[in-house]
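Peer 1: The following block contains the structure, expressed as structure tokens.
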Amino acid sequence: MHLTRKTGALTAAALLLASLTVSAPAFGSGSAAAPAGRAWHTSWAQSQQGLSAASLDDQTLRSIARLSQGGDAVRVRVQNTFSDAPLALGRGAVAVSADGGATTRAGTTRVLTFGGQRSVTVPAHGEVWSDPVALGTGPGTDLAVSLHVPGAVRPGEHGAAWRRNYLTPPGSGDHATDAAAAAFTAETGATYLVSAVDVRNPRVKGTVVAYGSSVVDGAGSLDCGPGCTPPATDNRWTDVLARRITRELPADRQLAVANAGVNGTTAAPDCPGSPAGIAGLDAASRLGRDVLALHGVTDVIFFYGTNDLQNGCTAGQVVAAYREVFARLRAAGVAVHVVPVTPRPIYTDRMNRHRWDIGTFVRDRGTCGGACDGLVDFDHTIKDPVAPNSINPAYDVGDGIHVNIAGHRAEGAAVPLPLPGFSRRQ
């Protein structure tokens, strides 16, 4: 993609725009091309998992993305992965949220373009990345991404945003650049269409992608116990990790964090008890789309296996799935840090034997016998010291599977920083 320049001296703004455009990913369907150099990093993600049961009809959606790192420009990925029909988008915009909600900060609104155009049709089963737009952001910035959908569609979604996103009423038209929240009268707990935000920041050294099921996605992160009011949003262990990185690591070792968890999914593709709704969402099947298509990825924290055992997979099946995914990641130059399978009191003795065998593989020399790069031992962090096949009661939301806010904080605090081998990979 090239800029058309007028003759004469370029202004400073034009020089910036030119540098951003040259670094833009490929436009159209399929995975985005790697950016030039290492300036672009995915700073937020929520993986698409299917089509929403709800439809949009001439509405504007406003999704809020908490950035793990900031920069001087942003770009946005819009997906139509699960639809058999093209998706027409009208105007889109990004802005800094004033308070984490639908109101945006004055002077920060930037209209999005796609291949230089202010509207775009996303192909069936495809995706597009916006062109870069200059916008200053920092770690913890809440970015409001607004998209007008002029027709009637069932959008692709990430089912649990773990925060509020916003919609205008059906038939209300284009409100993408509204700074006020007045038009956004409806709320949703899902994230529609938008699946990743990149920031341009050459000082960031990489992106860490957390990859797994609901234990990565954020289940329990709004639960602080009976009678307690949870503290706002962004309480997932990945959010805790992102804040630790900005606070604890020096300026020349900063990393972005992206969450690629999808509820209910498994590492292995063929566990006999898996529900039909997760078909095609196993770790290997969505790896290219949800991890390798992101930008600046240097590390993956891999947290899979709990659903596999509950859905009837054996240790052999799980380890085979691990090996396939690890090999693909390492071939792409991505380091793999593995969470041993964490406890569930509903596991049978047979399941716990498989859990033991998977743990033995993962813990072999601390590197999966050379197949991975290190461990992130949430198993030790959250298990009950008295009943090690159960979650510590202080962390249990009550289902024996997911941890509460205190558990997410403990997990986020347990990730070693810097990650093993970080200096060697720079």
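Following the order of the structure tokens, first chain is A, next is B, and so on, with residues numbered from 1 inside each chain and ligands from 1 in the order they appear.
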Please extract the residues of stretch 88-301 of chain A with a backbone DSSP assignment of alpha helix (DSSP H) and present them as a PyMOL selection string.

Peer 2: chain A and resi 214-217+237-248+287

Peer 1: Would you return as a PyMOL selection string the members of stretch 52-169 of chain A that DSSP assigns to strand (DSSP E or B) on this structure's backbone?

Peer 2: chain A and resi 56-66+73-79+87-89+92-97+104+110-111+114+117+120-122+127-129+133-134+142-153+156-158+165-167

Peer 1: Env of A:Ser68: 9 Å cut, atoms = only C-alpha atoms, seq-sep filter 2 positions within chain, self excluded. Answer as a list in words.

Peer 2: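 The contact residues come out as Thr42, Ser43, Trp44, Arg66, Gly70, Gly138, Pro139, Gly140, Thr141, Asp239, Ala242, Arg243, Thr246, Leu255, Ala256, Val257 and Ala258 of chain A.
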
Peer 1: Within 12 Å of A:Gly156, counting only C-alpha atoms, which residues qualify if same-chain residues fewer than 5 places away don't, as a PyMOL selection string?

Peer 2: chain A and resi 46-56+78-87+122+124-127+190-195

Peer 1: Got a sec: who's within 9 Å of A:Val199, counting only C-alpha atoms, leaving out chain neighbours fewer than 3 positions off, as a list in words?

Peer 2: Ala39, Trp40, His41, Thr42, Ser43, Leu67, Gln69, Gly70, Gly71, Asp72, Ala73, Val74, Arg75, Pro132 and Thr137 of chain A

Peer 1: Quick one: write out the picked residues with N, CA and C atoms as a PDB file, in the first residue's frame?

Peer 2:
```pdb
ATOM      1  N   ALA A  39       8.030  -2.842  15.144  1.00  0.00           N
ATOM      2  CA  ALA A  39       7.362  -1.689  15.747  1.00  0.00           C
ATOM      3  C   ALA A  39       5.964  -2.007  16.216  1.00  0.00           C
ATOM      4  N   TRP A  40       5.279  -2.954  15.575  1.00  0.00           N
ATOM      5  CA  TRP A  40       3.868  -3.220  15.856  1.00  0.00           C
ATOM      6  C   TRP A  40       3.710  -4.434  16.761  1.00  0.00           C
ATOM      7  N   HIS A  41       2.876  -4.266  17.780  1.00  0.00           N
ATOM      8  CA  HIS A  41       2.609  -5.354  18.723  1.00  0.00           C
ATOM      9  C   HIS A  41       1.123  -5.393  19.042  1.00  0.00           C
ATOM     10  N   THR A  42       0.575  -6.598  19.095  1.00  0.00           N
ATOM     11  CA  THR A  42      -0.809  -6.749  19.530  1.00  0.00           C
ATOM     12  C   THR A  42      -0.873  -6.483  21.023  1.00  0.00           C
ATOM     13  N   SER A  43      -1.662  -5.472  21.396  1.00  0.00           N
ATOM     14  CA  SER A  43      -1.726  -5.009  22.776  1.00  0.00           C
ATOM     15  C   SER A  43      -2.994  -5.457  23.481  1.00  0.00           C
ATOM     16  N   LEU A  67      -5.718  -1.623  26.750  1.00  0.00           N
ATOM     17  CA  LEU A  67      -4.418  -1.885  26.131  1.00  0.00           C
ATOM     18  C   LEU A  67      -3.384  -2.245  27.193  1.00  0.00           C
ATOM     19  N   GLN A  69      -0.075  -2.278  26.444  1.00  0.00           N
ATOM     20  CA  GLN A  69       0.984  -1.315  26.154  1.00  0.00           C
ATOM     21  C   GLN A  69       0.407  -0.257  25.223  1.00  0.00           C
ATOM     22  N   GLY A  70       1.006   0.913  25.241  1.00  0.00           N
ATOM     23  CA  GLY A  70       0.566   1.972  24.354  1.00  0.00           C
ATOM     24  C   GLY A  70       1.598   2.276  23.295  1.00  0.00           C
ATOM     25  N   GLY A  71       1.300   3.287  22.496  1.00  0.00           N
ATOM     26  CA  GLY A  71       2.216   3.694  21.441  1.00  0.00           C
ATOM     27  C   GLY A  71       1.741   4.977  20.818  1.00  0.00           C
ATOM     28  N   ASP A  72       2.254   5.266  19.601  1.00  0.00           N
ATOM     29  CA  ASP A  72       1.872   6.508  18.932  1.00  0.00           C
ATOM     30  C   ASP A  72       0.871   6.285  17.810  1.00  0.00           C
ATOM     31  N   ALA A  73       0.438   5.040  17.613  1.00  0.00           N
ATOM     32  CA  ALA A  73      -0.557   4.729  16.586  1.00  0.00           C
ATOM     33  C   ALA A  73      -1.219   3.402  16.926  1.00  0.00           C
ATOM     34  N   VAL A  74      -2.407   3.202  16.375  1.00  0.00           N
ATOM     35  CA  VAL A  74      -3.135   1.945  16.584  1.00  0.00           C
ATOM     36  C   VAL A  74      -3.691   1.445  15.252  1.00  0.00           C
ATOM     37  N   ARG A  75      -4.022   0.176  15.209  1.00  0.00           N
ATOM     38  CA  ARG A  75      -4.784  -0.417  14.115  1.00  0.00           C
ATOM     39  C   ARG A  75      -5.620  -1.559  14.701  1.00  0.00           C
ATOM     40  N   PRO A 132      -3.296   2.023   9.810  1.00  0.00           N
ATOM     41  CA  PRO A 132      -2.883   2.663  11.063  1.00  0.00           C
ATOM     42  C   PRO A 132      -3.391   4.088  11.162  1.00  0.00           C
ATOM     43  N   THR A 137      -1.369   6.484  23.050  1.00  0.00           N
ATOM     44  CA  THR A 137      -1.961   5.664  24.105  1.00  0.00           C
ATOM     45  C   THR A 137      -0.852   5.200  25.043  1.00  0.00           C
TER      46      THR A 137
END
```

Peer 1: Pick out the residues sitting within 8 Å of A:Ser390, and hand them over as an NGL selection string; count only C-alpha atoms, and ignore anything fewer than 5 positions along from it in its own chain.

Peer 2: :A and (343-345 or 383-384 or 400)

Peer 1: Need the shell around stretch 223-238 of chain A: protein/DNA/RNA residues with any atom at most 10 Å away, counting only C-alpha atoms. Skip same-chain ones fewer than 5 positions apart. Format as a ChimeraX atom specification?

Peer 2: /A:65-66,68,100,140,161-164,208-210,215-218,243-244,257-259,301,394-398,403-415

Peer 1: Counting only C-alpha atoms, figure out which residue out of A:Tyr166, A:Tyr322, A:Tyr211, A:Phe303 gets nearest to A:Arg289.

Peer 2: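 Result for the nearest residue to A:Arg289: A:Tyr211.
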